Amino acid sequence: TGGTANGGALLYDGVNNKLSICCGTTLTTERISIARDTGAVTFSDDVTLTGVSANIVFDKSDNALEFADDAKATFGAGPDLSIYHTNNNSRITHSGTGNFIVETTSTGSDLYLRGDDKVLIQPADGEEGIVCNANGSVELYYNNTKQVNTTSTGLTLGDNKRIDFGDGTDLQIYHDGSNSYLEEDGTGQLIIRSWSPRIQAKYSPSAGSSTGEDAIICMPDGAVELYYDGVKKINTT
């Protein structure tokens with residue numbers, strides 16, 4: 001039973017205990033049904049939720065719930081968590097109490113962050129913390145100033161970037177743009193150990209010199225040799 005209007009009909013199915021809105025020439029194309037026993041509502045076509053400035057659509061052909069620009073999925077009473085896309089960027093925003101935690105709990109599962117060009121981790125808006133460049137370096141920052149980056153051969157620190165060792169920066173290694181320094185500024189002594197220590201001069205790959213020129217050689221359980229222009233001149237006995 002039911003009524004019709006403009007090619008549609010409101011029908012009650014007594015066998016299946018549901019109320020349906022149908023259309024089509026034979027009124028067999030069901031668009032919306034309401035189950036009498038459970039109250040479940042079934043939509044058989046696209047559904048549009050209209051907002052003040054942005055809409056949400058369930059697109060049947062794409063099997064997708066589609067949010068227009070600036071339409072948000074929000075979670076929490078605040079709402080504390082929002083997921084949305086503006087005209088330019090996609091955002092997951094946590095603005096409530098507590099922490100924002102992304103985790104995987106399955107045994108052996110990993111968490112991946114991927115970017116097409118780079119991945120950036122910022123401790124504050126506009127302040128770099130870690131920058132991972134595709135096919136290139138990983139950069140580490142302090143207070144938005146780059147301190148160190150990886151290279152194809154290892155790790156690079158710029159001029160006046162220092163490596164400190166010890167609780168009181170007792171040992172420091174750095175280059176000031178003109179000279180390189182190995183400084184011990186804490187308690188105790190600076191001890192350099194090797195089985196057969198050798199000090200060489202005239203080493204400069206940038207100037208075409210791939211090997212150094214001996215200046216001092218300390219032999220284990222033996223002599224200390226002193227050189228001039230790569231030629232030994234004297235040794236202890």
# chains A, B, ... in the order shown; residues from 1 in each chain; ligands from 1
>>> residues_around(residues="region 197-207 of chain A", least_positions_apart="5", cutoff="10 Å", atoms="only C-alpha atoms", output="CSV table (one decimal) with N, CA, C and O atoms, in the first residue's frame")
chain,number,residue,atom,x,y,z
A,192,ILE,N,95.7,10.3,23.2
A,192,ILE,CA,95.5,9.7,21.8
A,192,ILE,C,96.3,8.4,21.8
A,192,ILE,O,97.5,8.4,22.1
A,212,GLY,N,99.8,11.4,2.9
A,212,GLY,CA,100.5,12.4,3.6
A,212,GLY,C,102.0,12.1,3.6
A,212,GLY,O,102.5,11.2,3.0
A,213,GLU,N,102.7,13.1,4.2
A,213,GLU,CA,104.2,13.0,4.3
A,213,GLU,C,104.5,12.8,5.8
A,213,GLU,O,104.1,13.6,6.7
A,214,ASP,N,105.3,11.7,6.1
A,214,ASP,CA,105.6,11.4,7.5
A,214,ASP,C,106.3,12.6,8.2
A,214,ASP,O,107.2,13.2,7.6
A,215,ALA,N,105.9,12.9,9.4
A,215,ALA,CA,106.6,13.9,10.3
A,215,ALA,C,107.1,13.2,11.6
A,215,ALA,O,108.2,13.4,11.9
A,216,ILE,N,106.2,12.5,12.2
A,216,ILE,CA,106.6,11.8,13.5
A,216,ILE,C,106.0,10.4,13.4
A,216,ILE,O,104.8,10.2,13.1
A,217,ILE,N,106.8,9.4,13.8
A,217,ILE,CA,106.3,8.0,13.9
A,217,ILE,C,106.8,7.5,15.2
A,217,ILE,O,107.9,7.5,15.6
A,218,CYS,N,105.8,6.9,16.0
A,218,CYS,CA,106.1,6.4,17.3
A,218,CYS,C,106.0,4.8,17.2
A,218,CYS,O,104.9,4.3,17.0
A,219,MET,N,107.0,4.1,17.3
A,219,MET,CA,107.0,2.7,17.1
A,219,MET,C,106.7,2.0,18.5
A,219,MET,O,107.1,2.4,19.5
A,220,PRO,N,105.8,1.0,18.5
A,220,PRO,CA,105.5,0.3,19.7
A,220,PRO,C,106.7,-0.4,20.3
A,220,PRO,O,107.5,-1.0,19.6
A,224,VAL,N,111.1,6.6,18.6
A,224,VAL,CA,110.3,7.7,18.1
A,224,VAL,C,111.1,8.3,16.9
A,224,VAL,O,112.3,8.7,17.1
A,225,GLU,N,110.5,8.4,15.7
A,225,GLU,CA,111.3,8.8,14.6
A,225,GLU,C,110.8,10.2,14.2
A,225,GLU,O,109.6,10.5,14.1
A,226,LEU,N,111.8,11.1,13.9
A,226,LEU,CA,111.5,12.5,13.4
A,226,LEU,C,111.9,12.6,12.0
A,226,LEU,O,113.0,12.2,11.6
A,227,TYR,N,111.0,13.3,11.1
A,227,TYR,CA,111.3,13.3,9.7
A,227,TYR,C,111.4,14.8,9.3
A,227,TYR,O,110.9,15.7,9.9
A,229,ASP,N,110.7,16.7,5.5
A,229,ASP,CA,110.3,16.6,4.1
A,229,ASP,C,110.1,15.1,3.7
A,229,ASP,O,110.5,14.7,2.6
A,230,GLY,N,109.6,14.4,4.7
A,230,GLY,CA,109.3,12.9,4.4
A,230,GLY,C,110.5,12.0,4.6
A,230,GLY,O,110.4,10.8,4.3
>>> atom_distance(atom1="CA of Pro79 (chain A)", atom2="CA of Thr93 (chain A)")
10.0 Å
>>> select_by_dssp(residues="region 32-199 of chain A", states="strand (DSSP E)", output="PyMOL selection string")
chain A and resi 32-35+41-43+47-49+56-59+64-67+73-75+81-85+90-94+118-121+130-133+138-142+145-151+154-157+163-165+171-175+180-184+198-199
>>> residues_around(residues="Lys161 (chain A)", least_positions_apart="4", cutoff="7 Å", atoms="only C-alpha atoms", output="PyMOL selection string")
chain A and resi 147+157+174
>>> residues_around(residues="Gly115 (chain A)", least_positions_apart="4", cutoff="9 Å", atoms="only C-alpha atoms", output="list in words")
Val119, Leu120, Asn133 and Ala134 of chain A
>>> write_last_selection(atoms="N, CA and C atoms", output="PDB file, in the first residue's frame")
ATOM      1  N   VAL A 119      59.969  14.453   3.561  1.00  0.00           N
ATOM      2  CA  VAL A 119      59.168  14.329   4.780  1.00  0.00           C
ATOM      3  C   VAL A 119      59.745  15.299   5.796  1.00  0.00           C
ATOM      4  N   LEU A 120      58.884  16.140   6.378  1.00  0.00           N
ATOM      5  CA  LEU A 120      59.325  17.141   7.339  1.00  0.00           C
ATOM      6  C   LEU A 120      58.646  16.898   8.682  1.00  0.00           C
ATOM      7  N   ASN A 133      64.993  14.269   2.739  1.00  0.00           N
ATOM      8  CA  ASN A 133      64.888  14.580   1.321  1.00  0.00           C
ATOM      9  C   ASN A 133      64.952  13.299   0.495  1.00  0.00           C
ATOM     10  N   ALA A 134      64.030  13.164  -0.455  1.00  0.00           N
ATOM     11  CA  ALA A 134      64.011  11.982  -1.314  1.00  0.00           C
ATOM     12  C   ALA A 134      65.317  11.869  -2.087  1.00  0.00           C
TER      13      ALA A 134
END
>>> residues_around(residues="region 57-61 of chain A", least_positions_apart="5", cutoff="12 Å", atoms="only C-alpha atoms", output="ChimeraX atom specification")
/A:31,43-51,66-69,71
>>> write_last_selection(atoms="N, CA, C and O atoms", output="tab-separated table (two decimals), in the first residue's frame")
chain	number	residue	atom	x	y	z
A	31	ARG	N	14.85	3.35	-3.40
A	31	ARG	CA	15.84	4.36	-3.07
A	31	ARG	C	16.14	4.38	-1.57
A	31	ARG	O	17.30	4.43	-1.16
A	43	PHE	N	19.90	3.39	2.33
A	43	PHE	CA	19.89	4.26	1.16
A	43	PHE	C	20.50	3.47	0.01
A	43	PHE	O	21.60	2.92	0.14
A	44	SER	N	19.83	3.44	-1.12
A	44	SER	CA	20.29	2.63	-2.25
A	44	SER	C	20.89	3.46	-3.37
A	44	SER	O	21.12	2.96	-4.47
A	45	ASP	N	21.17	4.74	-3.10
A	45	ASP	CA	21.76	5.60	-4.11
A	45	ASP	C	22.69	6.59	-3.41
A	45	ASP	O	22.96	6.47	-2.22
A	46	ASP	N	23.21	7.56	-4.15
A	46	ASP	CA	24.05	8.57	-3.54
A	46	ASP	C	23.29	9.31	-2.44
A	46	ASP	O	22.07	9.51	-2.53
A	47	VAL	N	24.06	9.71	-1.39
A	47	VAL	CA	23.47	10.45	-0.28
A	47	VAL	C	24.31	11.71	-0.07
A	47	VAL	O	25.53	11.63	0.04
A	48	THR	N	23.65	12.85	-0.01
A	48	THR	CA	24.34	14.11	0.21
A	48	THR	C	23.93	14.70	1.55
A	48	THR	O	22.73	14.83	1.84
A	49	LEU	N	24.94	15.01	2.38
A	49	LEU	CA	24.72	15.73	3.62
A	49	LEU	C	25.16	17.16	3.38
A	49	LEU	O	26.33	17.43	3.13
A	50	THR	N	24.23	18.08	3.46
A	50	THR	CA	24.48	19.47	3.09
A	50	THR	C	24.87	20.29	4.31
A	50	THR	O	24.12	20.35	5.30
A	51	GLY	N	26.04	20.92	4.26
A	51	GLY	CA	26.49	21.79	5.33
A	51	GLY	C	26.30	23.25	4.97
A	51	GLY	O	25.85	23.59	3.87
A	66	GLU	N	32.72	10.95	0.49
A	66	GLU	CA	33.54	12.02	-0.05
A	66	GLU	C	33.27	13.34	0.67
A	66	GLU	O	32.13	13.80	0.73
A	67	PHE	N	34.34	13.93	1.22
A	67	PHE	CA	34.26	15.19	1.93
A	67	PHE	C	34.74	16.30	1.01
A	67	PHE	O	35.86	16.25	0.49
A	68	ALA	N	33.91	17.32	0.83
A	68	ALA	CA	34.35	18.47	0.03
A	68	ALA	C	35.43	19.24	0.79
A	68	ALA	O	35.67	19.00	1.98
A	69	ASP	N	36.10	20.15	0.10
A	69	ASP	CA	37.09	21.00	0.76
A	69	ASP	C	36.48	21.67	1.98
A	69	ASP	O	35.37	22.23	1.90
A	71	ALA	N	35.18	20.37	4.55
A	71	ALA	CA	34.25	19.52	5.30
A	71	ALA	C	35.08	18.61	6.19
A	71	ALA	O	36.01	17.95	5.73
>>> residues_around(residues="Gly129 (chain A)", least_positions_apart="6", cutoff="12 Å", atoms="only C-alpha atoms", output="ChimeraX atom specification")
/A:119-123,138-149
>>> residues_around(residues="Ser95 (chain A)", least_positions_apart="2", cutoff="9 Å", atoms="only C-alpha atoms", output="short mmCIF file (atom, residue, chain, number, x, y, z; two decimals) with N, CA, C and O atoms, in the first residue's frame")
data_model
loop_
_atom_site.label_atom_id
_atom_site.label_comp_id
_atom_site.auth_asym_id
_atom_site.auth_seq_id
_atom_site.Cartn_x
_atom_site.Cartn_y
_atom_site.Cartn_z
N GLY A 78 35.20 17.94 21.83
CA GLY A 78 35.74 19.28 21.62
C GLY A 78 35.32 20.03 20.38
O GLY A 78 34.85 21.13 20.48
N PRO A 79 35.47 19.60 19.12
CA PRO A 79 36.03 18.29 18.80
C PRO A 79 37.55 18.29 18.95
O PRO A 79 38.20 19.26 18.56
N ASP A 80 38.09 17.21 19.49
CA ASP A 80 39.51 17.14 19.79
C ASP A 80 40.36 16.81 18.56
O ASP A 80 41.49 17.26 18.45
N LEU A 81 39.81 16.00 17.66
CA LEU A 81 40.57 15.56 16.49
C LEU A 81 39.77 15.86 15.24
O LEU A 81 38.57 15.57 15.17
N SER A 82 40.41 16.46 14.24
CA SER A 82 39.75 16.79 12.97
C SER A 82 40.59 16.28 11.81
O SER A 82 41.81 16.36 11.83
N THR A 93 44.35 17.28 12.59
CA THR A 93 44.62 18.26 13.63
C THR A 93 44.12 17.79 14.98
O THR A 93 42.94 17.45 15.13
N THR A 97 42.73 17.89 24.73
CA THR A 97 43.63 17.55 25.82
C THR A 97 44.38 16.26 25.50
O THR A 97 44.00 15.51 24.61
N PHE A 100 48.65 13.36 20.99
CA PHE A 100 48.23 12.79 19.70
C PHE A 100 49.17 11.62 19.43
O PHE A 100 50.35 11.82 19.17
#
